[in-house]
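S.K.: Handing over work-v1.tsv, TSV, C-alpha atoms.
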chain	number	residue	atom	x	y	z
A	1	MET	CA	35.07	4.02	-8.01
A	2	LYS	CA	31.67	2.62	-7.02
A	3	TYR	CA	28.35	3.51	-8.68
A	4	LEU	CA	24.76	3.62	-7.41
A	5	VAL	CA	21.34	4.40	-8.78
A	6	VAL	CA	18.50	5.21	-6.38
A	7	LEU	CA	15.30	5.08	-8.39
A	8	GLY	CA	12.08	6.40	-6.83
A	9	ASP	CA	9.50	4.78	-9.07
A	10	GLY	CA	6.96	7.32	-10.33
A	11	MET	CA	7.99	10.06	-7.88
A	12	ALA	CA	7.91	12.84	-10.51
A	13	ASP	CA	4.58	14.68	-10.61
A	14	GLU	CA	2.83	17.89	-11.68
A	15	PRO	CA	2.24	21.14	-9.75
A	16	MET	CA	-0.98	20.85	-7.79
A	17	GLU	CA	-3.24	23.23	-5.93
A	18	ALA	CA	-3.19	21.06	-2.80
A	19	LEU	CA	0.57	21.72	-2.52
A	20	ASP	CA	0.45	25.48	-3.16
A	21	GLY	CA	1.22	25.04	-6.85
A	22	LYS	CA	4.23	22.81	-6.20
A	23	THR	CA	5.01	19.24	-7.18
A	24	VAL	CA	5.52	16.49	-4.61
A	25	LEU	CA	9.30	16.80	-5.00
A	26	GLU	CA	9.17	20.58	-4.52
A	27	TYR	CA	6.89	20.40	-1.50
A	28	ALA	CA	8.36	17.38	0.30
A	29	GLU	CA	11.09	17.76	2.89
A	30	THR	CA	14.07	16.20	1.09
A	31	PRO	CA	17.21	17.67	2.69
A	32	MET	CA	19.53	14.94	1.39
A	33	MET	CA	18.44	15.21	-2.24
A	34	ASP	CA	18.68	18.99	-2.02
A	35	GLU	CA	22.15	18.79	-0.45
A	36	LEU	CA	23.36	16.48	-3.21
A	37	ALA	CA	21.78	18.68	-5.89
A	38	ALA	CA	23.71	21.66	-4.50
A	39	MET	CA	26.96	19.67	-4.81
A	40	GLY	CA	26.23	17.90	-8.08
A	41	GLU	CA	24.33	18.19	-11.34
A	42	ILE	CA	20.59	18.21	-12.02
A	43	GLY	CA	18.70	18.08	-15.28
A	44	LEU	CA	15.94	16.36	-17.22
A	45	VAL	CA	16.11	12.96	-18.92
A	46	HIS	CA	13.65	11.49	-21.42
A	47	THR	CA	13.23	7.88	-20.30
A	48	ILE	CA	10.27	6.96	-22.54
A	49	PRO	CA	11.10	6.69	-26.26
A	50	GLU	CA	8.72	8.54	-28.55
A	51	GLY	CA	5.78	6.38	-29.55
A	52	MET	CA	6.15	3.89	-26.67
A	53	LYS	CA	3.80	3.60	-23.69
A	54	PRO	CA	5.08	5.09	-20.44
A	55	GLY	CA	5.67	2.19	-18.10
A	56	SER	CA	8.12	0.98	-15.49
A	57	ASP	CA	9.21	-1.69	-17.96
A	58	THR	CA	10.36	0.57	-20.79
A	59	ALA	CA	11.55	3.29	-18.39
A	60	ASN	CA	13.72	1.07	-16.18
A	61	LEU	CA	15.21	-0.67	-19.20
A	62	SER	CA	16.07	2.81	-20.44
A	63	VAL	CA	17.65	3.93	-17.16
A	64	LEU	CA	19.71	0.73	-17.06
A	65	GLY	CA	21.13	1.56	-20.47
A	66	TYR	CA	18.99	-0.63	-22.73
A	67	ASP	CA	17.26	1.09	-25.63
A	68	PRO	CA	13.62	-0.09	-25.25
A	69	LYS	CA	13.07	0.12	-29.01
A	70	LYS	CA	15.76	-2.53	-29.40
A	71	TYR	CA	15.31	-4.70	-26.31
A	72	TYR	CA	11.68	-4.45	-25.17
A	73	SER	CA	9.51	-7.53	-25.88
A	74	GLY	CA	6.73	-6.92	-23.34
A	75	ARG	CA	6.39	-6.41	-19.61
A	76	SER	CA	5.18	-9.78	-18.41
A	77	PRO	CA	8.06	-11.80	-19.94
A	78	LEU	CA	10.49	-9.78	-17.82
A	79	GLU	CA	8.47	-10.59	-14.71
A	80	ALA	CA	8.32	-14.24	-15.75
A	81	LEU	CA	12.11	-14.34	-15.72
A	82	SER	CA	12.18	-13.20	-12.10
A	83	ILE	CA	9.93	-15.95	-10.79
A	84	GLY	CA	11.68	-18.65	-12.79
A	85	VAL	CA	8.95	-19.33	-15.33
A	86	PRO	CA	10.35	-21.45	-18.17
A	87	MET	CA	9.44	-19.67	-21.43
A	88	LYS	CA	9.82	-21.16	-24.88
A	89	ASP	CA	10.34	-18.93	-27.91
A	90	THR	CA	6.75	-19.66	-28.97
A	91	ASP	CA	5.21	-18.76	-25.58
A	92	VAL	CA	3.48	-15.49	-24.74
A	93	ALA	CA	3.43	-14.15	-21.18
A	94	PHE	CA	0.69	-11.98	-19.69
A	95	ARG	CA	0.68	-10.03	-16.43
A	96	ALA	CA	-2.22	-11.31	-14.34
A	97	ASN	CA	-3.23	-8.71	-11.76
A	98	ILE	CA	-5.63	-9.65	-8.99
A	99	VAL	CA	-7.85	-6.56	-9.07
A	100	THR	CA	-10.94	-5.26	-7.30
A	101	LEU	CA	-14.01	-4.82	-9.50
A	102	SER	CA	-17.37	-3.44	-8.38
A	103	ASP	CA	-19.88	-6.03	-7.15
A	104	ASP	CA	-23.42	-5.60	-8.38
A	105	GLU	CA	-23.38	-5.26	-12.19
A	106	PRO	CA	-22.89	-7.93	-14.87
A	107	TYR	CA	-19.16	-8.52	-15.47
A	108	GLU	CA	-19.00	-6.42	-18.63
A	109	GLU	CA	-20.43	-3.39	-16.81
A	110	LYS	CA	-18.29	-3.47	-13.68
A	111	THR	CA	-15.98	-0.64	-12.60
A	112	MET	CA	-12.25	-0.93	-11.93
A	113	ILE	CA	-12.00	-0.04	-8.23
A	114	ASP	CA	-8.39	-0.99	-7.41
A	115	HIS	CA	-5.62	-2.41	-9.60
A	116	SER	CA	-3.79	-3.83	-6.54
A	117	SER	CA	-6.61	-5.00	-4.23
A	118	ASP	CA	-5.27	-2.82	-1.41
A	119	GLU	CA	-1.74	-4.07	-2.14
A	120	ILE	CA	-2.74	-7.61	-1.21
A	121	SER	CA	0.00	-9.64	0.46
A	122	THR	CA	1.79	-12.34	-1.51
A	123	GLU	CA	0.63	-14.91	1.03
A	124	ASP	CA	-3.06	-14.05	0.57
A	125	ALA	CA	-2.68	-13.82	-3.20
A	126	ALA	CA	-1.08	-17.28	-3.32
A	127	VAL	CA	-4.16	-18.74	-1.59
A	128	LEU	CA	-6.42	-17.16	-4.20
A	129	ILE	CA	-4.25	-18.25	-7.13
A	130	GLU	CA	-4.35	-21.82	-5.82
A	131	ALA	CA	-8.17	-21.64	-5.67
A	132	LEU	CA	-8.23	-20.50	-9.29
A	133	LYS	CA	-5.95	-23.34	-10.37
A	134	GLU	CA	-8.30	-25.83	-8.72
A	135	GLY	CA	-11.55	-24.31	-9.96
A	136	MET	CA	-10.81	-23.00	-13.47
A	137	SER	CA	-10.02	-24.37	-16.90
A	138	PHE	CA	-6.63	-23.08	-18.11
A	139	GLU	CA	-6.28	-25.26	-21.21
A	140	GLY	CA	-3.18	-24.13	-23.11
A	141	HIS	CA	-2.24	-21.76	-20.29
A	142	GLN	CA	-0.29	-21.90	-17.03
A	143	LEU	CA	-0.85	-19.50	-14.10
A	144	TYR	CA	2.09	-18.68	-11.80
A	145	VAL	CA	2.20	-16.89	-8.45
A	146	GLY	CA	4.23	-13.67	-8.42
A	147	THR	CA	4.41	-10.94	-5.77
A	148	SER	CA	1.49	-9.15	-4.11
A	149	TYR	CA	-1.13	-8.46	-6.81
A	150	ARG	CA	1.27	-9.17	-9.72
A	151	HIS	CA	1.10	-12.66	-11.23
A	152	CYS	CA	1.87	-14.33	-14.54
A	153	LEU	CA	-0.05	-16.29	-17.18
A	154	ILE	CA	1.81	-18.19	-19.91
A	155	ARG	CA	0.10	-19.12	-23.18
A	156	GLU	CA	1.62	-21.86	-25.30
A	157	ASN	CA	2.08	-21.12	-29.02
A	158	GLY	CA	0.44	-17.73	-28.68
A	159	SER	CA	0.64	-14.32	-30.23
A	160	VAL	CA	0.84	-10.91	-28.58
A	161	VAL	CA	-2.53	-9.14	-28.25
A	162	ALA	CA	-3.34	-5.57	-27.24
A	163	LEU	CA	-4.70	-5.28	-23.68
A	164	SER	CA	-5.51	-2.44	-21.27
A	165	GLN	CA	-3.50	-1.71	-18.13
A	166	PRO	CA	-5.77	-1.78	-15.05
A	167	HIS	CA	-4.06	1.21	-13.42
A	168	ASP	CA	-4.98	3.26	-16.50
A	169	ILE	CA	-8.73	2.71	-16.04
A	170	LEU	CA	-9.24	3.23	-12.30
A	171	THR	CA	-12.81	4.39	-11.47
A	172	GLN	CA	-13.90	3.63	-15.06
A	173	LYS	CA	-16.32	1.00	-16.37
A	174	ILE	CA	-14.37	-1.90	-17.86
A	175	THR	CA	-16.76	-2.39	-20.81
A	176	GLU	CA	-14.53	-0.81	-23.45
A	177	TYR	CA	-11.32	-2.25	-22.00
A	178	LEU	CA	-12.15	-5.94	-21.80
A	179	PRO	CA	-9.93	-8.39	-23.73
A	180	GLN	CA	-11.08	-9.06	-27.26
A	181	ASP	CA	-9.41	-12.45	-26.93
A	182	GLU	CA	-12.21	-14.92	-26.04
A	183	ALA	CA	-10.06	-17.21	-23.88
A	184	LEU	CA	-8.69	-14.35	-21.78
A	185	LEU	CA	-12.15	-12.86	-21.28
A	186	ARG	CA	-13.57	-16.27	-20.32
A	187	MET	CA	-10.84	-16.75	-17.72
A	188	GLN	CA	-11.38	-13.28	-16.25
A	189	LYS	CA	-15.10	-13.98	-15.86
A	190	GLN	CA	-14.46	-17.41	-14.34
A	191	SER	CA	-12.00	-15.90	-11.89
A	192	TYR	CA	-14.63	-13.43	-10.67
A	193	GLU	CA	-17.13	-16.22	-10.05
A	194	ILE	CA	-14.60	-18.04	-7.86
A	195	LEU	CA	-12.85	-15.17	-6.12
A	196	SER	CA	-15.90	-13.07	-5.26
A	197	LYS	CA	-17.19	-15.94	-3.08
A	198	HIS	CA	-13.86	-17.03	-1.61
A	199	PRO	CA	-13.73	-17.02	2.23
A	200	LEU	CA	-10.51	-15.00	2.22
A	201	ASN	CA	-12.21	-12.21	0.27
A	202	LEU	CA	-15.28	-12.29	2.50
A	203	GLU	CA	-12.92	-11.77	5.44
A	204	ARG	CA	-11.16	-8.92	3.65
A	205	VAL	CA	-14.48	-7.13	3.17
A	206	LYS	CA	-15.28	-7.54	6.88
A	207	LYS	CA	-11.92	-5.90	7.67
A	208	GLY	CA	-12.68	-2.97	5.36
A	209	LEU	CA	-10.24	-4.14	2.67
A	210	HIS	CA	-10.92	-4.37	-1.05
A	211	PRO	CA	-11.72	-7.93	-2.16
A	212	ALA	CA	-9.28	-9.36	-4.70
A	213	ASN	CA	-12.13	-10.56	-6.88
A	214	SER	CA	-10.90	-10.87	-10.48
A	215	LEU	CA	-7.91	-11.59	-12.64
A	216	TRP	CA	-7.03	-8.91	-15.18
A	217	PHE	CA	-4.65	-9.74	-18.01
A	218	TRP	CA	-2.31	-7.22	-19.69
A	219	GLY	CA	1.32	-6.60	-20.64
A	220	ALA	CA	1.61	-9.43	-23.20
A	221	GLY	CA	5.02	-10.20	-24.65
A	222	THR	CA	7.45	-12.81	-25.89
A	223	LYS	CA	10.66	-14.20	-24.40
A	224	PRO	CA	13.18	-11.36	-23.91
A	225	ALA	CA	16.86	-11.36	-24.85
A	226	LEU	CA	19.01	-8.77	-23.05
A	227	THR	CA	22.73	-8.39	-23.52
A	228	SER	CA	24.65	-8.89	-20.26
A	229	PHE	CA	25.07	-5.66	-18.27
A	230	GLU	CA	28.64	-6.61	-17.37
A	231	GLU	CA	29.43	-7.31	-21.02
A	232	ILE	CA	28.25	-3.82	-22.02
A	233	TYR	CA	29.58	-1.76	-19.12
A	234	HIS	CA	32.29	-3.99	-17.57
A	235	LYS	CA	30.74	-3.57	-14.12
A	236	LYS	CA	29.61	-6.28	-11.67
A	237	ALA	CA	26.07	-5.25	-10.80
A	238	VAL	CA	23.33	-5.95	-8.25
A	239	MET	CA	19.61	-5.20	-8.31
A	240	ILE	CA	17.69	-4.47	-5.10
A	241	SER	CA	13.94	-4.37	-5.69
A	242	ALA	CA	10.76	-5.87	-4.27
A	243	VAL	CA	8.92	-6.16	-7.60
A	244	ASP	CA	9.16	-8.96	-10.14
A	245	LEU	CA	9.58	-6.62	-13.12
A	246	LEU	CA	12.89	-5.24	-11.88
A	247	LYS	CA	14.06	-8.62	-10.68
A	248	GLY	CA	13.25	-10.01	-14.12
A	249	ILE	CA	15.22	-7.29	-15.88
A	250	ALA	CA	18.13	-8.16	-13.59
A	251	VAL	CA	17.90	-11.86	-14.48
A	252	GLY	CA	17.85	-11.00	-18.18
A	253	ALA	CA	20.82	-8.62	-17.78
A	254	GLY	CA	22.88	-11.05	-15.72
A	255	MET	CA	22.76	-8.88	-12.59
A	256	LYS	CA	22.61	-10.42	-9.12
A	257	ASN	CA	19.24	-10.02	-7.38
A	258	ILE	CA	19.52	-9.29	-3.66
A	259	ILE	CA	16.36	-10.18	-1.75
A	260	VAL	CA	15.79	-7.94	1.28
A	261	GLU	CA	13.57	-9.24	4.07
A	262	GLY	CA	10.57	-6.96	4.57
A	263	ALA	CA	10.89	-5.30	1.16
A	264	ASN	CA	7.37	-5.47	-0.27
A	265	GLY	CA	6.91	-2.70	-2.84
A	266	GLY	CA	4.58	-0.74	-0.54
A	267	LEU	CA	4.77	2.43	1.49
A	268	HIS	CA	6.09	0.60	4.55
A	269	THR	CA	8.83	-1.37	2.85
A	270	ASN	CA	12.24	-2.03	4.39
A	271	TYR	CA	14.01	1.13	3.18
A	272	GLU	CA	17.05	0.77	5.42
A	273	GLY	CA	17.42	-2.88	4.49
A	274	LYS	CA	17.60	-1.98	0.82
A	275	ALA	CA	20.18	0.74	1.46
A	276	GLN	CA	22.29	-1.57	3.63
A	277	ALA	CA	22.16	-4.33	1.02
A	278	ALA	CA	23.51	-1.94	-1.63
A	279	VAL	CA	26.30	-0.66	0.59
A	280	ASP	CA	27.32	-4.20	1.58
A	281	ALA	CA	27.35	-5.32	-2.05
A	282	LEU	CA	29.68	-2.47	-2.99
A	283	LEU	CA	31.95	-2.33	0.05
A	284	LYS	CA	32.08	-5.95	1.20
A	285	ASP	CA	31.17	-8.18	-1.74
A	286	GLY	CA	33.20	-6.59	-4.52
A	287	TYR	CA	30.39	-5.32	-6.75
A	288	ASP	CA	30.85	-2.14	-8.78
A	289	PHE	CA	27.25	-1.03	-9.30
A	290	ALA	CA	24.04	-1.18	-7.25
A	291	TYR	CA	20.53	-0.30	-8.46
A	292	ILE	CA	18.11	0.43	-5.60
A	293	HIS	CA	14.52	0.47	-6.81
A	294	VAL	CA	11.77	1.79	-4.51
A	295	GLU	CA	8.22	1.22	-5.72
A	296	ALA	CA	6.31	3.18	-3.05
A	297	PRO	CA	5.98	6.61	-4.76
A	298	ASP	CA	4.47	4.97	-7.83
A	299	GLU	CA	1.94	2.98	-5.81
A	300	MET	CA	0.89	6.10	-3.89
A	301	GLY	CA	0.49	7.96	-7.18
A	302	HIS	CA	-1.79	5.20	-8.47
A	303	GLN	CA	-3.79	5.46	-5.25
A	304	GLY	CA	-4.17	9.21	-5.81
A	305	SER	CA	-2.89	9.98	-2.29
A	306	VAL	CA	-0.94	13.22	-2.04
A	307	GLU	CA	-0.16	12.64	1.65
A	308	ARG	CA	1.18	9.11	1.10
A	309	LYS	CA	3.21	10.06	-1.96
A	310	LEU	CA	4.84	12.85	0.02
A	311	GLN	CA	5.60	10.36	2.76
A	312	ALA	CA	7.09	7.87	0.28
A	313	VAL	CA	9.42	10.51	-1.19
A	314	GLN	CA	10.49	11.66	2.28
A	315	PHE	CA	11.16	8.07	3.35
A	316	LEU	CA	13.31	7.61	0.23
A	317	ASP	CA	15.31	10.73	1.09
A	318	GLU	CA	15.84	10.02	4.79
A	319	ARG	CA	15.96	6.23	4.93
A	320	VAL	CA	17.71	5.32	1.67
A	321	ILE	CA	19.67	8.25	0.24
A	322	ARG	CA	20.94	9.60	3.58
A	323	TYR	CA	21.88	6.09	4.69
A	324	VAL	CA	23.77	5.37	1.46
A	325	LYS	CA	25.65	8.69	1.48
A	326	GLU	CA	26.69	8.46	5.12
A	327	LYS	CA	27.90	4.87	4.80
A	328	MET	CA	29.76	5.50	1.54
A	329	ASP	CA	31.37	8.69	2.90
A	330	ALA	CA	32.47	6.89	6.08
A	331	SER	CA	34.09	4.12	4.02
A	332	GLY	CA	36.35	6.53	2.14
A	333	GLU	CA	35.40	4.82	-1.12
A	334	GLU	CA	34.95	7.13	-4.11
A	335	TYR	CA	31.50	6.88	-5.65
A	336	ARG	CA	29.02	8.40	-8.09
A	337	LEU	CA	25.32	8.44	-7.23
A	338	LEU	CA	22.41	8.92	-9.65
A	339	VAL	CA	18.95	9.69	-8.25
A	340	LEU	CA	15.86	9.82	-10.50
A	341	PRO	CA	12.36	8.46	-11.15
A	342	ASP	CA	11.70	6.14	-14.06
A	343	HIS	CA	8.60	8.12	-15.14
A	344	PRO	CA	6.05	10.47	-13.56
A	345	THR	CA	2.94	9.04	-11.89
A	346	PRO	CA	0.92	12.23	-11.36
A	347	ILE	CA	-1.73	12.29	-8.66
A	348	ARG	CA	-4.06	14.04	-11.13
A	349	VAL	CA	-4.25	11.10	-13.52
A	350	ARG	CA	-3.23	8.23	-11.20
A	351	THR	CA	-1.20	6.59	-13.97
A	352	HIS	CA	2.08	7.00	-15.82
A	353	THR	CA	2.96	9.81	-18.21
A	354	ALA	CA	5.81	10.12	-20.70
A	355	ASP	CA	7.11	13.52	-19.53
A	356	PRO	CA	10.87	13.82	-18.93
A	357	VAL	CA	11.97	13.27	-15.33
A	358	PRO	CA	14.48	15.13	-13.15
A	359	TYR	CA	17.82	13.49	-12.47
A	360	LEU	CA	20.48	14.23	-9.87
A	361	LEU	CA	24.09	13.13	-10.36
A	362	TYR	CA	26.59	13.42	-7.50
A	363	ASP	CA	30.32	12.62	-7.65
A	364	SER	CA	32.04	12.28	-4.27
A	365	THR	CA	35.38	13.25	-5.85
A	366	LYS	CA	34.11	16.46	-7.43
A	367	PRO	CA	31.65	18.23	-5.10
A	368	GLU	CA	30.48	21.49	-6.63
A	369	LYS	CA	28.63	24.51	-5.27
A	370	HIS	CA	25.23	25.46	-6.66
A	371	ASP	CA	21.95	26.82	-5.39
A	372	TRP	CA	19.97	23.95	-6.90
A	373	HIS	CA	17.28	21.91	-5.19
A	374	TYR	CA	16.12	18.58	-6.58
A	375	ASN	CA	12.74	18.95	-8.30
A	376	GLU	CA	11.17	19.09	-11.76
A	377	ARG	CA	11.13	22.89	-12.09
A	378	GLU	CA	14.76	23.50	-11.21
A	379	ALA	CA	15.88	20.51	-13.26
A	380	ALA	CA	14.22	22.11	-16.28
A	381	GLU	CA	15.78	25.49	-15.47
A	382	SER	CA	19.26	23.94	-15.30
A	383	GLY	CA	19.37	23.62	-19.08
A	384	ASN	CA	20.69	20.06	-18.85
A	385	ASP	CA	18.61	17.74	-21.00
A	386	VAL	CA	19.40	14.11	-21.84
A	387	ALA	CA	17.42	13.17	-24.93
A	388	HIS	CA	17.59	9.37	-24.48
A	389	GLY	CA	17.27	7.67	-21.13
A	390	TYR	CA	19.51	4.79	-22.19
A	391	GLU	CA	22.41	7.26	-22.36
A	392	MET	CA	22.34	7.80	-18.58
A	393	MET	CA	24.33	4.67	-17.74
A	394	GLY	CA	27.18	5.73	-19.98
A	395	TYR	CA	26.99	9.19	-18.40
A	396	LEU	CA	27.10	7.75	-14.88
A	397	PHE	CA	30.14	5.61	-15.71
A	398	ALA	CA	31.95	8.30	-17.72
Can you dump the structure from the file as structure tokens?

M.R.:
Amino acid sequence: MKYLVVLGDGMADEPMEALDGKTVLEYAETPMMDELAAMGEIGLVHTIPEGMKPGSDTANLSVLGYDPKKYYSGRSPLEALSIGVPMKDTDVAFRANIVTLSDDEPYEEKTMIDHSSDEISTEDAAVLIEALKEGMSFEGHQLYVGTSYRHCLIRENGSVVALSQPHDILTQKITEYLPQDEALLRMQKQSYEILSKHPLNLERVKKGLHPANSLWFWGAGTKPALTSFEEIYHKKAVMISAVDLLKGIAVGAGMKNIIVEGANGGLHTNYEGKAQAAVDALLKDGYDFAYIHVEAPDEMGHQGSVERKLQAVQFLDERVIRYVKEKMDASGEEYRLLVLPDHPTPIRVRTHTADPVPYLLYDSTKPEKHDWHYNEREAAESGNDVAHGYEMMGYLFA
């Protein structure tokens, strides 16, 4: 038996007037997910433990079978693992987004325009990070290049401080959300002075793109310690994701990271490449479990784009789930497939919420016959409700 998870990051949503009172999952054309729902099981799962912030960090740990209340030590340390940052037990890691702030006001009165600087490429971001390293004082800190707008700052002998997530304050003035930590605030201000004048950003503005004009620190945490996935579940596992957070979780859990060319975490990622990598890992390379993470629905939710989020969900259905099912069926290998989001990213709020998410579980050896479609409403009507997200792995492998 082989096992797969296809996780559409943030694809759960709320009913909206623009979609005739339906959610994105209800309105989108998703024939493969609906076909699997009719032959499998649907329900709701609570991926965010009560009292914890809804994030891809806690939610994906949960889906992978790790109780966030036991294992979570912060988001940025997990990302640091993925890019090979050496962390000591006394270090603190911070996510360092390159964001777009408004231009004209004093720094403290600027507005958060874009948490991702138009999903800046890793290549462009690396140029800007290098300029910051040359022009700023980072005493007691080290800045590391990550992926796209997501980078990492390490503080030696630090302590965890409360910070605001930039995607939570889109279109808002940053005044009330600035770091209280003097060193972090100083570095953010210095970064704006350098980046706002950088030739690369001046070119971006000419092209109609958002300038990546400031660092923004958040997600502080200490060195994580995850128990090996194989030790817990006795399954050889691979992770297929374009984002450092998921790759870092995989490193911590002892899973193999498969890097797919053209996979970038955006709407136009290499969907087929991810699906093929999972199938090859299971059918050719002897792995038991593959986790395919697709970031695009979440990013489109943060952008507040109904049209693009619909497109992301439809791409997931046609270019990942259909591909996986057809290849696995053709192989004759028995398999179980779990499809779900990690958390909702509703268009209305453009950030994460802690509501339960719909799951779909299909077993190729036990196809059933239902009238279900895969969406939030019918998942709730099914009566199936998993109280703790970290129970889903055991359920998948049962």

S.K.: Considering all atoms listed in the file, state which residue in the set A:Gly219, A:Pro199, A:Gly252, A:Gly40 is at the smallest distance from A:Tyr362.

M.R.: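 When distances to A:Tyr362 are compared using all atoms listed in the file, the smallest one comes from A:Gly40.
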
S.K.: At a cut-off of 7 Å, using all atoms listed in the file, what residues contact stretch 331-338 of chain A? Leave out same-chain residues fewer than 2 positions from it and give the result as a list of chain:residue names.

M.R.: A:Met1, A:Lys2, A:Tyr3, A:Leu4, A:Val5, A:Val6, A:Lys327, A:Met328, A:Asp329, A:Leu340, A:Leu360, A:Leu361, A:Tyr362, A:Asp363, A:Ser364, A:Thr365

S.K.: Quick one: pull the distance between atom CA of A:His302 and atom CA of A:Met11, Å, one decimal.

M.R.: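 Atom CA of A:Met11 lies 10.9 Å from atom CA of A:His302.
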
S.K.: What are the nearest atom pairs, with distances in Å to one decimal, for all residues of stretch 306-357 of chain A that come at most 10 Å from stretch 169-177 of chain A, using all atoms listed in the file, set out by chain and rising residue number as a tab-separated table?

M.R.:
residue	atom	partner	partner_atom	distance
A:Val349	CA	A:Leu170	CA	9.4
A:Arg350	CA	A:Leu170	CA	7.9
A:Thr351	CA	A:Ile169	CA	8.7

S.K.: In terms of the shortest atom-to-atom distance over all atoms listed in the file, which of A:Leu246, A:Ala380, A:Val251, A:Val161 is closest to A:Leu7?

M.R.: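 Closest candidate: A:Leu246.
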
S.K.: Ranking A:Asp385, A:Asp371, A:Glu391, A:Glu231 by minimum distance to A:Leu44 and counting all atoms listed in the file, which one comes first?

M.R.: A:Asp385

S.K.: What does the distance between atom CA of A:Val386 and atom CA of A:His46 come to in Å, to one decimal place?

M.R.: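 Separation between atom CA of A:Val386 and atom CA of A:His46: 6.3 Å.
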
S.K.: Nearest to A:Asp168: which of A:Leu184, A:Val24, A:Ile113, A:Val127 is it, counting all atoms listed in the file?

M.R.: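 Looking only at the distances to A:Asp168, the closest residue turns out to be A:Ile113.
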
S.K.: Kindly extract all protein, DNA and RNA residues lying within 7 Å of the coordinates (-7.1, -9.3, -25.8) given in the file, considering only C-alpha atoms, and supply them as a PyMOL selection string.

M.R.: chain A and resi 161-163+179-181+184

S.K.: Report the distance between atom CA of A:Leu132 and atom CA of A:Gly74 in Å, rounded to one decimal place.

M.R.: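 Distance reported for this atom pair: 24.6 Å.
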
S.K.: So that I can check the surroundings of stretch 305-318 of chain A, please list as a list in words every protein, DNA and RNA residue that reaches within 7 Å of it, counting only C-alpha atoms and ignoring chain neighbours fewer than 3 positions away.

M.R.: Met11, Val24, Ala28, Glu29, Thr30, Met32, Met33, Leu267, Ala296, Pro297, Met300, Gly301, Ile321, Arg322 and Ile347 of chain A

S.K.: Using all atoms listed in the file, pick whichever of A:Pro49, A:Gly43, A:Gly254, A:Pro211 has the shortest atom-to-atom distance to A:Ser82.

M.R.: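 Using all atoms listed in the file, the shortest distance to A:Ser82 belongs to A:Gly254.
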
S.K.: Tell me which of A:Arg155, A:His370, A:Arg186, A:His343 sits closest to A:Ser62, counting all atoms listed in the file.

M.R.: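 Among A:Arg155, A:His370, A:Arg186, A:His343, it is A:His343 that comes nearest to A:Ser62.
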
S.K.: Can you tell me, as a count of residues only, what residues are no more than 9 Å from stretch 292-294 of chain A when counting all atoms listed in the file, ignoring any on the same chain fewer than 4 positions away?

M.R.: 23

S.K.: Near A:Glu193, counting all atoms listed in the file, which residues have an atom at most 10 Å away, once you skip same-chain residues fewer than 5 positions from it, shown as a ChimeraX atom specification?

M.R.: /A:107,132,135-136,187-188,198,213-214

S.K.: Would you mind listing what lies within 10 Å of A:Met87 as a ChimeraX atom specification, with only C-alpha atoms counted and same-chain residues fewer than 3 positions away left out?

M.R.: /A:77,80-81,84,90-93,154-156,222-224
